[in-house]
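One structure below.
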Amino acid sequence: MTTVEASKDTALRDIEVTIVDTDVHPLPVSAEVLKSYAPAEWRDTLWPTGHAVTPTSHFYDTPDSYKTMSMRVDATPPSGGVAGSDPDFAAKQLLLDAGVSIAILEPMCDAQLPQAEHVLKATYNDWLADIWLGENNWHGRWRGAISVTAQDPELAAREIERWAGHPYMAEVLITPQTRGIPFGSPHFDPLYKAAARHGLPVATHLMGQTPFELIPLYPVGNPAHWHDFFASWPLLYVSHLMSLVFDGAFDRHPDLRIVFVEGGFTWAMPVMWRMDRIWEQRKSDLPHVRRRPSEYVREHVRFTTQPLEDVNAGVYREYLEMMDLGDILMFSTDYPHWSYDSPAWAIKRFPAAQRERIVRGNATALYGLPATVKALPGERLAAV
């Protein structure tokens, strides 16, 4: 029995929430476990495609990925299985050792066809609620994402309604690979309406095994290498952000909140500056955009911090101070991937005046998280 497991029967003290991790990736311990949550008629249809077996993707791989599945080597649970498949071991590494107070869990899964993707993501929701948000969440520090298909927003809305009352489901999760439909399109209105009605932010995170054929990333064609793709990932989010503002999604859904996960953020302020200038000069072209684009972004959009650029910490803090992004950033680690940003390393890169908002305040406000959580035995408060 682990220390974390032993504490289930222990009277625990309340501690202050100091760090919220907004990007953690749980995995099923095996395909067979996940299949047990799927409708019987779909089990032999979904799994031969490979989408439901290993949701980690080839574009995410490292040279040793055939050994690690793009995961931290030390994150493999002692009990076996892949990294991110054991809630107790993840709690030890992320909550106890790294000092994270609350973590937002975002499974990564998709499929090519809308109905198949809907069934697959509904299966992941059932699995997540049972394995991570059920008995293994006795401490209440795991929060889940409702995975839905953006290909069919009506089906997505139905899935949101199915889970909206769950006490630990904190957001809606979609893939940004939308086959050429930008996020501001009315196509997504049923999804946005359902999420906004229940006060659930809509997060987006790249996922799947075939990003190149799903994403018109470059005007000149698809990238030739993993390196090209990974470095240019933010371009996809830039396009969606501009569409959300200029196509009026936030005017149609005043309570909609969007979270761009793991797509960088240092580009956000220059993009806002450019949108503001264009809007000021040609605002008559877009009468439905009634405020500066940057005002929409600051009110409705949040960005997660990982991956942070590995540059001089002092220079980085100065840049963030100049960008004034402290109100729209939320800390994330990307646990258990190899690109993990540890809190101890990352927090030093945030300006002191913005630090509390980035590592705790913005996320607790967005997700309605509690001010305190149950401490694990031996847990020490993280310094922020």
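Following the order of the structure tokens, first chain is A, next is B, and so on, with residues numbered from 1 inside each chain and ligands from 1 in the order they appear.
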
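All residues of range 132-164 of chain A that DSSP, run on the backbone, classes as strand (DSSP E) are Trp142, Arg143, Gly144, Ala145, Ile146 and Ser147 of chain A.
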
Write the residues you've just listed into a file as a tab-separated table (two decimals), in the first residue's frame, and include all heavy atoms for each of them.
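Output below, filename selection.tsv:
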```tsv
chain	number	residue	atom	x	y	z
A	142	TRP	N	-8.13	15.78	-8.24
A	142	TRP	CA	-8.19	15.58	-9.70
A	142	TRP	C	-9.46	16.24	-10.22
A	142	TRP	O	-10.54	16.06	-9.65
A	142	TRP	CB	-8.23	14.11	-10.07
A	142	TRP	CG	-7.07	13.25	-9.65
A	142	TRP	CD1	-7.16	12.04	-9.01
A	142	TRP	CD2	-5.67	13.46	-9.89
A	142	TRP	NE1	-5.90	11.51	-8.81
A	142	TRP	CE2	-4.97	12.36	-9.34
A	142	TRP	CE3	-4.94	14.49	-10.49
A	142	TRP	CZ2	-3.58	12.25	-9.39
A	142	TRP	CZ3	-3.56	14.39	-10.54
A	142	TRP	CH2	-2.89	13.28	-10.00
A	143	ARG	N	-9.35	16.99	-11.29
A	143	ARG	CA	-10.50	17.58	-11.98
A	143	ARG	C	-10.44	17.14	-13.44
A	143	ARG	O	-9.36	17.13	-14.04
A	143	ARG	CB	-10.49	19.11	-11.89
A	143	ARG	CG	-10.47	19.62	-10.46
A	143	ARG	CD	-11.76	19.34	-9.73
A	143	ARG	NE	-11.62	19.44	-8.29
A	143	ARG	CZ	-12.46	20.11	-7.51
A	143	ARG	NH1	-13.49	20.75	-8.05
A	143	ARG	NH2	-12.29	20.12	-6.20
A	144	GLY	N	-11.57	16.79	-14.01
A	144	GLY	CA	-11.58	16.20	-15.33
A	144	GLY	C	-12.07	17.13	-16.42
A	144	GLY	O	-12.66	18.18	-16.17
A	145	ALA	N	-11.80	16.71	-17.66
A	145	ALA	CA	-12.29	17.40	-18.85
A	145	ALA	C	-13.29	16.50	-19.56
A	145	ALA	O	-13.04	15.29	-19.73
A	145	ALA	CB	-11.14	17.75	-19.78
A	146	ILE	N	-14.39	17.06	-19.98
A	146	ILE	CA	-15.40	16.32	-20.75
A	146	ILE	C	-14.95	16.34	-22.21
A	146	ILE	O	-15.01	17.37	-22.88
A	146	ILE	CB	-16.78	16.97	-20.62
A	146	ILE	CG1	-17.19	17.12	-19.16
A	146	ILE	CG2	-17.82	16.17	-21.41
A	146	ILE	CD1	-18.43	17.99	-18.95
A	147	SER	N	-14.48	15.22	-22.71
A	147	SER	CA	-14.02	15.14	-24.09
A	147	SER	C	-15.22	15.04	-25.03
A	147	SER	O	-16.10	14.20	-24.82
A	147	SER	CB	-13.11	13.92	-24.28
A	147	SER	OG	-11.95	14.03	-23.48
```

Within 8 Å of range 261-279 of chain A: each range 139-234 of chain A residue with its shortest pair, only C-alpha atoms, as JSON lines:
```
{"residue": "A:Ala203", "atom": "CA", "partner": "A:Val261", "partner_atom": "CA", "distance": 6.8}
{"residue": "A:Thr204", "atom": "CA", "partner": "A:Val261", "partner_atom": "CA", "distance": 5.9}
{"residue": "A:His205", "atom": "CA", "partner": "A:Val261", "partner_atom": "CA", "distance": 5.2}
{"residue": "A:Trp233", "atom": "CA", "partner": "A:Gly263", "partner_atom": "CA", "distance": 6.1}
{"residue": "A:Pro234", "atom": "CA", "partner": "A:Gly263", "partner_atom": "CA", "distance": 4.9}
```

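Note that the spacing between CA of Ala98 in chain A and CA of Thr305 in chain A amounts to 16.4 Å.
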
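Distances from A:Thr178, A:His288, A:Ala344, A:Asp327 to Glu356 in chain A were compared using only C-alpha atoms, and the smallest one belongs to A:Asp327.
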